[in-house]
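The file upload.txt contains compact mmCIF, C-alpha atoms (C1' of nucleotides):
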# COMPACT_ATOMS: atom_id res chain seq x y z
CA MET C 267 11.50 24.49 -19.81
CA PRO C 268 9.80 21.57 -18.07
CA SER C 269 11.23 18.22 -19.13
CA GLU C 270 8.92 16.05 -21.13
CA THR C 271 10.00 12.88 -19.33
CA ARG C 272 9.41 14.53 -15.98
CA GLU C 273 5.88 15.44 -17.06
CA ARG C 274 5.18 11.91 -18.23
CA ILE C 275 6.32 10.52 -14.89
CA LEU C 276 3.98 12.89 -13.06
CA ASP C 277 1.09 12.02 -15.38
CA SER C 278 1.72 8.35 -14.80
CA SER C 279 1.99 8.61 -11.02
CA GLY C 280 -1.11 10.80 -10.92
CA GLU C 281 -3.17 8.23 -12.73
CA LEU C 282 -1.83 5.29 -10.72
CA PHE C 283 -2.15 6.97 -7.31
CA ARG C 284 -5.72 7.91 -8.14
CA ARG C 285 -6.68 4.36 -9.00
CA GLN C 286 -4.67 2.23 -6.62
CA GLY C 287 -3.27 4.60 -4.03
CA TYR C 288 0.22 5.52 -2.93
CA MET C 289 1.19 2.36 -1.09
CA GLY C 290 -0.30 0.19 -3.81
CA THR C 291 1.80 1.73 -6.57
CA GLY C 292 5.46 0.84 -7.08
CA VAL C 293 8.03 3.23 -8.54
CA LYS C 294 8.86 0.59 -11.14
CA GLN C 295 5.27 0.58 -12.29
CA ILE C 296 5.26 4.36 -12.54
CA VAL C 297 8.29 4.59 -14.84
CA ASP C 298 7.12 1.62 -16.90
CA GLU C 299 3.73 3.21 -17.51
CA ALA C 300 5.42 6.52 -18.29
CA GLY C 301 7.80 4.84 -20.73
CA ALA C 302 10.58 6.55 -18.82
CA PRO C 303 13.93 5.14 -17.79
CA PHE C 304 14.16 4.16 -14.16
CA GLY C 305 17.13 6.36 -13.50
CA SER C 306 15.22 9.44 -14.62
CA LEU C 307 12.87 9.16 -11.68
CA TYR C 308 15.66 9.73 -9.19
CA HIS C 309 17.24 12.36 -11.40
CA PHE C 310 14.10 14.50 -11.43
CA PHE C 311 12.95 13.54 -7.94
CA PRO C 312 16.03 13.10 -5.76
CA GLY C 313 13.77 12.73 -2.74
CA GLY C 314 12.46 9.50 -4.23
CA LYS C 315 8.91 8.24 -4.01
CA GLU C 316 7.92 10.65 -1.26
CA GLU C 317 8.99 13.74 -3.21
CA LEU C 318 7.24 12.41 -6.30
CA GLY C 319 4.16 11.70 -4.19
CA ALA C 320 4.01 15.22 -2.78
CA GLU C 321 4.40 16.84 -6.20
CA THR C 322 1.86 14.48 -7.74
CA ILE C 323 -0.69 15.33 -5.06
CA ARG C 324 -0.24 19.08 -5.54
CA ARG C 325 -0.26 18.84 -9.31
CA SER C 326 -3.25 16.49 -9.58
CA GLY C 327 -5.07 18.58 -7.01
CA ALA C 328 -4.42 21.79 -8.90
CA ILE C 329 -5.65 20.27 -12.17
CA TYR C 330 -8.84 19.02 -10.54
CA GLY C 331 -9.30 22.44 -8.96
CA LEU C 332 -9.12 23.98 -12.41
CA LEU C 333 -11.78 21.57 -13.63
CA LEU C 334 -14.02 22.57 -10.73
CA GLY C 335 -13.32 26.22 -11.55
CA GLU C 336 -14.47 25.72 -15.14
CA PHE C 337 -17.84 24.37 -14.00
CA LEU C 338 -18.20 27.19 -11.50
CA GLY C 339 -17.05 30.01 -13.77
CA PRO C 340 -18.25 33.49 -12.82
CA GLU C 341 -20.45 33.67 -15.89
CA VAL C 342 -22.43 30.48 -15.25
CA ASP C 343 -25.29 29.98 -12.86
CA LEU C 344 -24.11 28.39 -9.59
CA VAL C 345 -26.93 25.88 -9.39
CA THR C 346 -26.39 24.74 -12.96
CA GLY C 347 -22.65 24.56 -12.43
CA ILE C 348 -22.96 22.32 -9.40
CA ALA C 349 -25.50 20.07 -11.09
CA GLU C 350 -23.33 19.66 -14.16
CA PHE C 351 -20.17 19.01 -12.18
CA PHE C 352 -21.75 16.12 -10.28
CA ALA C 353 -23.30 14.77 -13.49
CA GLY C 354 -19.96 15.01 -15.27
CA ALA C 355 -18.22 13.21 -12.43
CA GLY C 356 -20.72 10.38 -12.81
CA ASP C 357 -20.10 10.20 -16.56
CA THR C 358 -16.37 10.00 -15.96
CA LEU C 359 -16.85 7.17 -13.48
CA ILE C 360 -18.78 5.13 -16.02
CA GLU C 361 -16.34 5.89 -18.83
CA THR C 362 -13.37 4.79 -16.73
CA ASP C 363 -15.07 1.74 -15.22
CA TYR C 364 -15.31 3.49 -11.83
CA ALA C 365 -11.60 4.18 -11.65
CA ASP C 366 -11.30 7.95 -12.03
CA ALA C 367 -12.91 9.75 -9.13
CA CYS C 368 -11.05 12.15 -6.84
CA PRO C 369 -7.35 12.23 -7.74
CA ILE C 370 -6.13 12.50 -4.17
CA ALA C 371 -8.74 11.02 -1.82
CA THR C 372 -7.25 7.52 -1.77
CA VAL C 373 -3.80 8.88 -0.99
CA ALA C 374 -5.21 11.33 1.55
CA LEU C 375 -6.76 8.53 3.61
CA GLU C 376 -3.68 6.34 3.28
CA VAL C 377 -1.18 8.93 4.47
CA SER C 378 -3.12 11.08 6.93
CA SER C 379 -1.87 9.08 9.90
CA THR C 380 1.39 7.80 8.48
CA ASN C 381 3.21 10.46 6.45
CA GLU C 382 3.07 14.07 7.56
CA GLU C 383 4.63 15.57 4.42
CA LEU C 384 2.08 13.92 2.13
CA ARG C 385 -0.76 14.65 4.54
CA VAL C 386 0.09 18.36 4.39
CA ALA C 387 0.16 18.24 0.59
CA CYS C 388 -3.35 16.79 0.60
CA ALA C 389 -4.51 19.33 3.17
CA ASP C 390 -3.18 22.18 1.03
CA VAL C 391 -5.09 20.88 -1.97
CA PHE C 392 -8.36 20.50 -0.07
CA GLU C 393 -7.98 23.93 1.52
CA ALA C 394 -7.38 25.45 -1.92
CA TRP C 395 -10.51 23.83 -3.30
CA ILE C 396 -12.52 25.07 -0.33
CA ALA C 397 -11.11 28.58 -0.68
CA GLY C 398 -11.84 28.64 -4.41
CA ALA C 399 -15.40 27.49 -4.01
CA THR C 400 -15.96 29.83 -1.08
CA ALA C 401 -14.83 32.82 -3.11
CA ARG C 402 -17.06 31.83 -6.01
CA PHE C 403 -20.07 31.36 -3.74
CA GLU C 404 -19.53 34.75 -2.13
CA LEU C 405 -19.30 36.28 -5.59
CA GLY C 406 -22.65 34.66 -6.33
CA GLY C 407 -24.24 36.39 -3.38
CA ILE C 408 -23.96 33.84 -0.59
CA ALA C 409 -23.29 35.33 2.83
CA THR C 410 -19.62 35.16 3.86
CA GLY C 411 -19.92 32.71 6.73
CA ARG C 412 -22.34 30.51 4.87
CA ALA C 413 -20.21 30.41 1.72
CA ARG C 414 -17.39 28.46 3.35
CA GLU C 415 -19.81 26.05 4.99
CA LEU C 416 -21.46 25.43 1.67
CA ALA C 417 -18.12 24.89 -0.03
CA ILE C 418 -17.05 22.31 2.57
CA GLN C 419 -20.40 20.64 2.39
CA VAL C 420 -20.38 20.32 -1.41
CA ILE C 421 -16.83 18.97 -1.48
CA ALA C 422 -17.49 16.54 1.36
CA SER C 423 -20.61 15.27 -0.39
CA LEU C 424 -18.62 14.80 -3.57
CA GLU C 425 -15.81 12.94 -1.84
CA GLY C 426 -18.16 10.70 0.10
CA ALA C 427 -20.21 9.95 -2.98
CA PHE C 428 -17.02 8.94 -4.78
CA VAL C 429 -16.20 6.44 -2.04
CA LEU C 430 -19.64 4.86 -2.27
CA CYS C 431 -19.82 4.94 -6.07
CA ARG C 432 -16.49 3.22 -6.58
CA ALA C 433 -17.24 0.47 -4.05
CA LEU C 434 -20.84 -0.06 -5.18
CA ARG C 435 -20.04 0.43 -8.86
CA SER C 436 -23.06 2.65 -9.18
CA THR C 437 -23.51 6.37 -9.81
CA GLU C 438 -26.54 6.52 -7.53
CA PRO C 439 -24.67 8.16 -4.62
CA LEU C 440 -23.29 10.83 -6.93
CA GLU C 441 -26.76 11.56 -8.28
CA VAL C 442 -28.24 11.77 -4.79
CA ALA C 443 -25.40 13.93 -3.48
CA GLY C 444 -25.59 16.18 -6.53
CA ALA C 445 -29.31 16.71 -6.08
CA ALA C 446 -28.80 17.52 -2.40
CA ALA C 447 -26.01 19.97 -3.21
CA VAL C 448 -28.23 21.69 -5.76
CA ARG C 449 -31.04 21.94 -3.21
CA GLU C 450 -28.76 23.45 -0.58
CA MET C 451 -27.32 25.90 -3.10
CA ARG C 452 -30.79 27.00 -4.16
CA ASP C 453 -31.83 27.51 -0.56
CA ALA C 454 -28.69 29.47 0.25
CA LEU C 455 -29.17 31.71 -2.77
CA ALA C 456 -32.84 32.28 -1.95
CA SER C 457 -32.22 33.20 1.67
CA SER C 458 -29.44 35.65 0.89
CA GLY C 459 -30.55 37.18 -2.37
CA MET Y 112 -16.28 -21.21 20.24
CA PRO Y 113 -14.43 -18.44 18.48
CA SER Y 114 -10.71 -18.55 19.14
CA GLU Y 115 -9.32 -15.74 21.20
CA THR Y 116 -6.20 -15.43 19.06
CA ARG Y 117 -8.29 -15.26 15.92
CA GLU Y 118 -10.31 -12.41 17.43
CA ARG Y 119 -7.17 -10.53 18.39
CA ILE Y 120 -5.85 -10.84 14.84
CA LEU Y 121 -9.09 -9.44 13.47
CA ASP Y 122 -9.07 -6.60 16.00
CA SER Y 123 -5.50 -5.78 15.08
CA SER Y 124 -6.07 -5.87 11.32
CA GLY Y 125 -9.23 -3.82 11.71
CA GLU Y 126 -7.39 -1.08 13.55
CA LEU Y 127 -4.41 -1.08 11.19
CA PHE Y 128 -6.46 -1.17 7.98
CA ARG Y 129 -8.54 1.74 9.24
CA ARG Y 130 -5.52 3.87 9.94
CA GLN Y 131 -3.07 2.99 7.19
CA GLY Y 132 -5.02 0.99 4.66
CA TYR Y 133 -4.75 -2.51 3.25
CA MET Y 134 -1.67 -2.09 1.09
CA GLY Y 135 0.09 -0.11 3.78
CA THR Y 136 -0.26 -2.84 6.40
CA GLY Y 137 1.94 -5.94 6.44
CA VAL Y 138 0.84 -9.28 7.80
CA LYS Y 139 3.84 -9.27 10.09
CA GLN Y 140 2.70 -6.00 11.62
CA ILE Y 141 -0.78 -7.42 12.14
CA VAL Y 142 0.35 -10.46 14.13
CA ASP Y 143 2.91 -8.42 16.07
CA GLU Y 144 0.25 -5.93 17.17
CA ALA Y 145 -2.10 -8.77 18.01
CA GLY Y 146 0.57 -10.52 20.06
CA ALA Y 147 -0.20 -13.59 18.00
CA PRO Y 148 2.21 -16.10 16.52
CA PHE Y 149 2.82 -15.67 12.83
CA GLY Y 150 1.77 -19.21 12.01
CA SER Y 151 -1.64 -18.66 13.55
CA LEU Y 152 -2.56 -16.18 10.87
CA TYR Y 153 -2.36 -18.81 8.16
CA HIS Y 154 -3.97 -21.38 10.39
CA PHE Y 155 -7.07 -19.27 10.91
CA PHE Y 156 -6.99 -17.61 7.50
CA PRO Y 157 -5.70 -20.15 4.97
CA GLY Y 158 -6.53 -17.71 2.18
CA GLY Y 159 -3.85 -15.39 3.56
CA LYS Y 160 -4.00 -11.63 3.62
CA GLU Y 161 -6.87 -11.41 1.17
CA GLU Y 162 -9.14 -13.68 3.23
CA LEU Y 163 -8.19 -11.79 6.38
CA GLY Y 164 -8.90 -8.54 4.55
CA ALA Y 165 -12.35 -9.61 3.45
CA GLU Y 166 -13.32 -10.81 6.91
CA THR Y 167 -11.91 -7.69 8.54
CA ILE Y 168 -13.93 -5.47 6.22
CA ARG Y 169 -17.17 -7.31 6.93
CA ARG Y 170 -16.53 -7.46 10.65
CA SER Y 171 -15.44 -3.85 11.07
CA GLY Y 172 -18.30 -2.76 8.86
CA ALA Y 173 -20.82 -4.69 10.92
CA ILE Y 174 -19.50 -3.24 14.17
CA TYR Y 175 -19.68 0.30 12.83
CA GLY Y 176 -23.18 -0.43 11.54
CA LEU Y 177 -24.18 -1.42 15.07
CA LEU Y 178 -22.77 1.85 16.38
CA LEU Y 179 -24.82 3.75 13.84
CA GLY Y 180 -27.85 1.70 14.84
CA GLU Y 181 -27.41 2.69 18.48
CA PHE Y 182 -27.52 6.37 17.63
CA LEU Y 183 -30.52 5.83 15.40
CA GLY Y 184 -32.47 3.55 17.72
CA PRO Y 185 -36.24 3.46 17.17
CA GLU Y 186 -36.87 5.20 20.47
CA VAL Y 187 -34.70 8.25 19.81
CA ASP Y 188 -35.54 11.27 17.72
CA LEU Y 189 -33.99 11.02 14.25
CA VAL Y 190 -32.73 14.58 14.16
CA THR Y 191 -31.08 14.22 17.56
CA GLY Y 192 -29.61 10.86 16.61
CA ILE Y 193 -27.97 12.21 13.47
CA ALA Y 194 -26.64 15.27 15.25
CA GLU Y 195 -25.13 13.19 18.03
CA PHE Y 196 -23.60 10.66 15.68
CA PHE Y 197 -21.70 13.33 13.75
CA ALA Y 198 -20.66 15.03 16.99
CA GLY Y 199 -19.49 11.73 18.43
CA ALA Y 200 -17.49 10.99 15.27
CA GLY Y 201 -15.74 14.32 15.73
CA ASP Y 202 -14.94 13.54 19.35
CA THR Y 203 -13.46 10.20 18.33
CA LEU Y 204 -11.29 11.89 15.72
CA ILE Y 205 -9.84 14.23 18.30
CA GLU Y 206 -9.35 11.48 20.88
CA THR Y 207 -7.48 9.30 18.38
CA ASP Y 208 -5.43 12.12 16.84
CA TYR Y 209 -7.51 11.95 13.63
CA ALA Y 210 -6.82 8.27 13.11
CA ASP Y 211 -10.16 6.57 13.74
CA ALA Y 212 -12.73 7.61 11.17
CA CYS Y 213 -14.53 5.17 8.88
CA PRO Y 214 -13.15 1.65 9.37
CA ILE Y 215 -13.37 0.67 5.71
CA ALA Y 216 -13.20 3.82 3.56
CA THR Y 217 -9.43 3.74 3.08
CA VAL Y 218 -9.51 0.11 2.03
CA ALA Y 219 -12.57 0.70 -0.15
CA LEU Y 220 -10.77 3.31 -2.23
CA GLU Y 221 -7.60 1.25 -2.40
CA VAL Y 222 -9.22 -1.94 -3.66
CA SER Y 223 -12.17 -0.75 -5.72
CA SER Y 224 -10.20 -0.95 -8.95
CA THR Y 225 -7.68 -3.60 -8.00
CA ASN Y 226 -9.25 -6.41 -5.98
CA GLU Y 227 -12.76 -7.55 -6.79
CA GLU Y 228 -13.24 -9.77 -3.74
CA LEU Y 229 -12.39 -6.98 -1.32
CA ARG Y 230 -14.36 -4.43 -3.33
CA VAL Y 231 -17.47 -6.61 -3.02
CA ALA Y 232 -16.92 -6.92 0.74
CA CYS Y 233 -16.85 -3.12 1.01
CA ALA Y 234 -19.91 -2.80 -1.23
CA ASP Y 235 -21.83 -5.26 0.96
CA VAL Y 236 -20.98 -3.23 4.06
CA PHE Y 237 -22.02 0.08 2.51
CA GLU Y 238 -25.22 -1.43 1.15
CA ALA Y 239 -26.05 -2.82 4.60
CA TRP Y 240 -25.53 0.59 6.19
CA ILE Y 241 -27.74 2.20 3.56
CA ALA Y 242 -30.43 -0.43 4.00
CA GLY Y 243 -30.35 -0.05 7.78
CA ALA Y 244 -30.61 3.71 7.69
CA THR Y 245 -33.30 3.57 5.02
CA ALA Y 246 -35.44 1.25 7.13
CA ARG Y 247 -35.01 3.46 10.17
CA PHE Y 248 -35.91 6.59 8.22
CA GLU Y 249 -39.04 4.96 6.82
CA LEU Y 250 -40.00 3.94 10.35
CA GLY Y 251 -39.60 7.59 11.31
CA GLY Y 252 -42.12 8.63 8.71
CA ILE Y 253 -39.95 9.51 5.71
CA ALA Y 254 -41.48 8.60 2.37
CA THR Y 255 -40.13 5.35 0.93
CA GLY Y 256 -38.29 6.75 -2.08
CA ARG Y 257 -36.89 9.66 -0.12
CA ALA Y 258 -35.67 7.49 2.76
CA ARG Y 259 -33.04 5.71 0.68
CA GLU Y 260 -31.87 8.99 -0.85
CA LEU Y 261 -31.53 10.50 2.57
CA ALA Y 262 -29.63 7.47 3.85
CA ILE Y 263 -27.15 7.63 0.97
CA GLN Y 264 -26.79 11.35 1.40
CA VAL Y 265 -26.07 11.17 5.12
CA ILE Y 266 -23.52 8.37 4.71
CA ALA Y 267 -21.83 10.11 1.77
CA SER Y 268 -21.59 13.34 3.77
CA LEU Y 269 -20.09 11.44 6.67
CA GLU Y 270 -17.53 9.65 4.50
CA GLY Y 271 -16.52 12.80 2.67
CA ALA Y 272 -16.23 14.75 5.89
CA PHE Y 273 -13.95 12.02 7.26
CA VAL Y 274 -11.64 12.40 4.26
CA LEU Y 275 -11.40 16.16 4.74
CA CYS Y 276 -11.12 16.01 8.53
CA ARG Y 277 -8.25 13.53 8.54
CA ALA Y 278 -6.27 15.44 5.93
CA LEU Y 279 -6.97 18.89 7.40
CA ARG Y 280 -6.71 17.69 10.99
CA SER Y 281 -9.85 19.63 11.81
CA THR Y 282 -13.37 18.63 12.76
CA GLU Y 283 -14.86 21.54 10.85
CA PRO Y 284 -16.02 19.42 7.88
CA LEU Y 285 -17.73 16.97 10.21
CA GLU Y 286 -19.53 19.82 11.99
CA VAL Y 287 -20.63 21.36 8.70
CA ALA Y 288 -21.74 18.02 7.26
CA GLY Y 289 -23.57 17.15 10.46
CA ALA Y 290 -25.45 20.43 10.47
CA ALA Y 291 -26.42 19.93 6.83
CA ALA Y 292 -27.58 16.38 7.50
CA VAL Y 293 -29.70 17.61 10.39
CA ARG Y 294 -31.22 20.30 8.20
CA GLU Y 295 -32.07 17.82 5.46
CA MET Y 296 -33.55 15.41 7.96
CA ARG Y 297 -35.73 18.11 9.49
CA ASP Y 298 -36.97 19.16 6.06
CA ALA Y 299 -37.71 15.59 5.07
CA LEU Y 300 -39.64 14.97 8.28
CA ALA Y 301 -41.57 18.22 7.90
CA SER Y 302 -42.59 17.60 4.32
CA SER Y 303 -43.77 14.04 4.96
CA GLY Y 304 -45.20 14.28 8.41
C1' DG Q 271 36.25 20.18 -31.21
C1' DA Q 272 36.83 19.95 -26.00
C1' DC Q 273 34.30 20.50 -21.86
C1' DT Q 274 30.34 20.51 -18.87
C1' DT Q 275 25.83 19.55 -17.69
C1' DT Q 276 21.72 16.99 -18.30
C1' DC Q 277 19.53 12.90 -18.85
C1' DT Q 278 19.26 7.87 -19.95
C1' DA Q 279 20.03 2.99 -18.84
C1' DG Q 280 19.87 -0.72 -15.96
C1' DA Q 281 22.43 -3.75 -12.76
C1' DT Q 282 22.44 -4.36 -8.05
C1' DA Q 283 22.01 -3.78 -2.95
C1' DG Q 284 19.48 -4.35 1.22
C1' DA Q 285 15.20 -4.53 3.23
C1' DT Q 286 10.61 -6.10 3.34
C1' DC Q 287 6.69 -8.41 1.15
C1' DG Q 288 3.27 -12.48 1.48
C1' DC Q 289 3.60 -17.08 2.20
C1' DT Q 290 5.14 -22.11 3.02
C1' DC Q 291 7.18 -25.32 5.63
C1' DT Q 292 8.62 -28.24 9.53
C1' DA Q 293 8.57 -29.07 14.27
C1' DG Q 294 6.79 -28.81 18.58
C1' DT Q 295 3.18 -27.88 22.22
C1' DA Q 296 -1.53 -27.78 24.07
C1' DA Q 297 -6.09 -29.54 24.00
C1' DT Q 298 -9.52 -32.88 22.89
C1' DT Q 299 -11.32 -37.37 21.98
C1' DG Q 300 -11.47 -42.51 21.87
C1' DC K 293 -3.14 -43.67 28.18
C1' DA K 294 -2.95 -43.40 23.15
C1' DA K 295 -4.33 -40.97 19.18
C1' DT K 296 -5.86 -37.12 16.97
C1' DT K 297 -6.77 -32.55 16.25
C1' DA K 298 -5.89 -27.63 17.15
C1' DC K 299 -2.74 -24.26 17.64
C1' DT K 300 1.92 -22.16 18.43
C1' DA K 301 6.54 -20.92 16.87
C1' DG K 302 9.58 -19.16 13.70
C1' DA K 303 13.11 -20.27 10.06
C1' DG K 304 13.38 -19.46 5.48
C1' DC K 305 11.84 -18.96 0.27
C1' DG K 306 11.14 -16.37 -3.78
C1' DA K 307 9.43 -12.15 -5.13
C1' DT K 308 9.17 -7.35 -4.87
C1' DC K 309 10.09 -3.00 -2.62
C1' DT K 310 12.78 1.63 -2.72
C1' DA K 311 17.04 3.46 -3.56
C1' DT K 312 21.95 3.72 -5.04
C1' DC K 313 25.48 3.13 -8.13
C1' DT K 314 28.34 3.29 -12.32
C1' DA K 315 28.54 4.12 -17.07
C1' DG K 316 27.37 6.15 -21.16
C1' DA K 317 24.53 9.01 -24.45
C1' DA K 318 22.65 13.53 -25.64
C1' DA K 319 22.69 18.40 -25.49
C1' DG K 320 24.41 22.73 -24.60
C1' DT K 321 28.57 25.99 -23.97
C1' DC K 322 33.09 27.87 -24.50
Using structure tokens, write down the structure that the file contains.
Amino acid sequence: MPSETRERILDSSGELFRRQGYMGTGVKQIVDEAGAPFGSLYHFFPGGKEELGAETIRRSGAIYGLLLGEFLGPEVDLVTGIAEFFAGAGDTLIETDYADACPIATVALEVSSTNEELRVACADVFEAWIAGATARFELGGIATGRARELAIQVIASLEGAFVLCRALRSTEPLEVAGAAAVREMRDALASSG
Amino acid sequence: MPSETRERILDSSGELFRRQGYMGTGVKQIVDEAGAPFGSLYHFFPGGKEELGAETIRRSGAIYGLLLGEFLGPEVDLVTGIAEFFAGAGDTLIETDYADACPIATVALEVSSTNEELRVACADVFEAWIAGATARFELGGIATGRARELAIQVIASLEGAFVLCRALRSTEPLEVAGAAAVREMRDALASSG
DNA sequence: GACTTTCTAGATAGATCGCTCTAGTAATTG
DNA sequence: CAATTACTAGAGCGATCTATCTAGAAAGTC
């Protein structure tokens, strides 16, 4: 039985880390936003902010991976799935005033050279996304070697577009990257099918 | 006559912001690394950390833009230039233990939803890079509308690959993204030339 | 109902944050 | 040489940071 308070703390930290990063978010702010007592944080996460950070990264990453999996379900066309995922990401950006993009990218850049435990958590998430997309692409008929390349390429385009979109406050990069990803996917399917 | 101390402070903040972000870097650490007296920071940057941040972003962004411009000089082949830029970025990652990637991406994600002045500084840098690449691509014979798309796409791929490379501690994403950018560039040149 | 575990509640410690302030030293100008 | 400006130097302020601590409430168990 997962504690409700614990879940609320993780929800809160997930949202705050996504928007303002790990270093830019205080533990006080996390419990306040969660409506949780301060003491509960250290009861559920004895390792403090770092333990909470690691679990938040893995949890937020897994949830976003599930979202990606829904768009790339085995029953839907790969090209359509990719196009709709990028379009949906753009809609979310507008709805959230360019706040909600990748849940872990900000933290990943912050910690990659400063905190090995959190860096590994981010790496695990990215590798899981890549593995998931690779498997789905292979299932769709893309050659094995090419499938992983395509997966990396699509995710990198998405991440980079997020960086540009949030700074520019425009969905143009996401639209351009989405169109390019669709084009590459079409080409890959044509040359292997 | 630009002060030498002032330059050292900017060099130091540029390096630290790139590696550990804006929120993760203290002003004390900046002056220590620069070998500069603490008081000098507020002498040269009366607006404090925020003013230093804005100037660091614009300066680091301009320097990186010049680097990009060298690889995409009007005398070199566009395809070769792109390929070598991505390869060089990978070499730099390895040489710096995956620390030196994009000088402003970490800060851009950190401040996009929290600090409008710094967000605008990042947006100006990205827009300048896009404009520079667009102009170069048009000069190389890419159709006007397509040139900007291609510029955005290449920069987004680069930024996203940096995120993945730093977290995964691997240059694979940069190699994949570079190959894809080369492919797109070749196609664009073929279909418009 | 007594006992144990789980969780809540927040005061407080110690360190660090960005920043201001005063004082003093170099450099420049009249 | 006197006067002014530019810069160095760092002590110290209030605020905030993460984390610990004690105490008590709630919930489950015998």
Considering all atoms listed in the file, return as a PDB file with C-alpha atoms, in the frame of the given file whatever protein or nucleic-acid residues lie within 12 Å of Gly256 (chain Y), sequence-local ones (same chain, fewer than 5 positions apart) excluded.
ATOM      1  CA  VAL C 442     -28.240  11.770  -4.790  1.00  0.00           C
TER       2      VAL C 442
ATOM      3  CA  THR Y 245     -33.300   3.570   5.020  1.00  0.00           C
ATOM      4  CA  ALA Y 246     -35.440   1.250   7.130  1.00  0.00           C
ATOM      5  CA  PHE Y 248     -35.910   6.590   8.220  1.00  0.00           C
ATOM      6  CA  GLU Y 249     -39.040   4.960   6.820  1.00  0.00           C
ATOM      7  CA  LEU Y 261     -31.530  10.500   2.570  1.00  0.00           C
ATOM      8  CA  ALA Y 262     -29.630   7.470   3.850  1.00  0.00           C
ATOM      9  CA  ILE Y 263     -27.150   7.630   0.970  1.00  0.00           C
ATOM     10  CA  ALA Y 299     -37.710  15.590   5.070  1.00  0.00           C
ATOM     11  CA  SER Y 303     -43.770  14.040   4.960  1.00  0.00           C
TER      12      SER Y 303
END
Query raised in the report: Given a cut-off of 8 Å, which residues of chain C touch chain Q, counting only C-alpha atoms (C1' of nucleotides), written out as number ranges by chain?
Result: C: 303-306, 309
Requested in this report: Identify which of the residues C:Leu359, C:Ile275, C:Met289, C:Leu333 lies closest to chain K, counting only C-alpha atoms (C1' of nucleotides) when measuring atom-to-atom distances.
Outcome: C:Met289
At most 8 Å to chain Y: residues in chain C, only C-alpha atoms, as a PDB file with C-alpha atoms, in the coordinates of the input:
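Output (part09.pdb):
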ATOM      1  CA  ARG C 285      -6.680   4.360  -9.000  1.00  0.00           C
ATOM      2  CA  GLN C 286      -4.670   2.230  -6.620  1.00  0.00           C
ATOM      3  CA  GLY C 287      -3.270   4.600  -4.030  1.00  0.00           C
ATOM      4  CA  MET C 289       1.190   2.360  -1.090  1.00  0.00           C
ATOM      5  CA  GLY C 290      -0.300   0.190  -3.810  1.00  0.00           C
ATOM      6  CA  TYR C 364     -15.310   3.490 -11.830  1.00  0.00           C
ATOM      7  CA  ALA C 365     -11.600   4.180 -11.650  1.00  0.00           C
ATOM      8  CA  ALA C 371      -8.740  11.020  -1.820  1.00  0.00           C
ATOM      9  CA  THR C 372      -7.250   7.520  -1.770  1.00  0.00           C
ATOM     10  CA  ALA C 374      -5.210  11.330   1.550  1.00  0.00           C
ATOM     11  CA  LEU C 375      -6.760   8.530   3.610  1.00  0.00           C
ATOM     12  CA  GLU C 376      -3.680   6.340   3.280  1.00  0.00           C
ATOM     13  CA  VAL C 377      -1.180   8.930   4.470  1.00  0.00           C
ATOM     14  CA  SER C 378      -3.120  11.080   6.930  1.00  0.00           C
ATOM     15  CA  SER C 379      -1.870   9.080   9.900  1.00  0.00           C
ATOM     16  CA  THR C 380       1.390   7.800   8.480  1.00  0.00           C
ATOM     17  CA  ARG C 385      -0.760  14.650   4.540  1.00  0.00           C
ATOM     18  CA  VAL C 386       0.090  18.360   4.390  1.00  0.00           C
ATOM     19  CA  CYS C 388      -3.350  16.790   0.600  1.00  0.00           C
ATOM     20  CA  ALA C 389      -4.510  19.330   3.170  1.00  0.00           C
ATOM     21  CA  PHE C 392      -8.360  20.500  -0.070  1.00  0.00           C
ATOM     22  CA  GLU C 393      -7.980  23.930   1.520  1.00  0.00           C
ATOM     23  CA  GLU C 415     -19.810  26.050   4.990  1.00  0.00           C
ATOM     24  CA  ILE C 418     -17.050  22.310   2.570  1.00  0.00           C
ATOM     25  CA  GLN C 419     -20.400  20.640   2.390  1.00  0.00           C
ATOM     26  CA  ILE C 421     -16.830  18.970  -1.480  1.00  0.00           C
ATOM     27  CA  ALA C 422     -17.490  16.540   1.360  1.00  0.00           C
ATOM     28  CA  SER C 423     -20.610  15.270  -0.390  1.00  0.00           C
ATOM     29  CA  LEU C 424     -18.620  14.800  -3.570  1.00  0.00           C
ATOM     30  CA  GLU C 425     -15.810  12.940  -1.840  1.00  0.00           C
ATOM     31  CA  GLY C 426     -18.160  10.700   0.100  1.00  0.00           C
ATOM     32  CA  ALA C 427     -20.210   9.950  -2.980  1.00  0.00           C
ATOM     33  CA  VAL C 429     -16.200   6.440  -2.040  1.00  0.00           C
ATOM     34  CA  LEU C 430     -19.640   4.860  -2.270  1.00  0.00           C
ATOM     35  CA  ARG C 432     -16.490   3.220  -6.580  1.00  0.00           C
ATOM     36  CA  ALA C 433     -17.240   0.470  -4.050  1.00  0.00           C
ATOM     37  CA  LEU C 434     -20.840  -0.060  -5.180  1.00  0.00           C
ATOM     38  CA  PRO C 439     -24.670   8.160  -4.620  1.00  0.00           C
ATOM     39  CA  VAL C 442     -28.240  11.770  -4.790  1.00  0.00           C
ATOM     40  CA  ALA C 443     -25.400  13.930  -3.480  1.00  0.00           C
ATOM     41  CA  ALA C 446     -28.800  17.520  -2.400  1.00  0.00           C
TER      42      ALA C 446
END
Can you write out as a Markdown table which residues of chain C fall within 8 Å of chain K, alongside each residue's closest atom pair and its distance in Å to one decimal, counting only C-alpha atoms (C1' of nucleotides) and ordering rows by chain and ascending residue number?
| residue | atom | partner | partner_atom | distance |
| --- | --- | --- | --- | --- |
| C:Gly292 | CA | K:DC309 | C1' | 7.5 |
| C:Val293 | CA | K:DT310 | C1' | 7.7 |
| C:Gly314 | CA | K:DA311 | C1' | 7.6 |
| C:Lys315 | CA | K:DT310 | C1' | 7.8 |
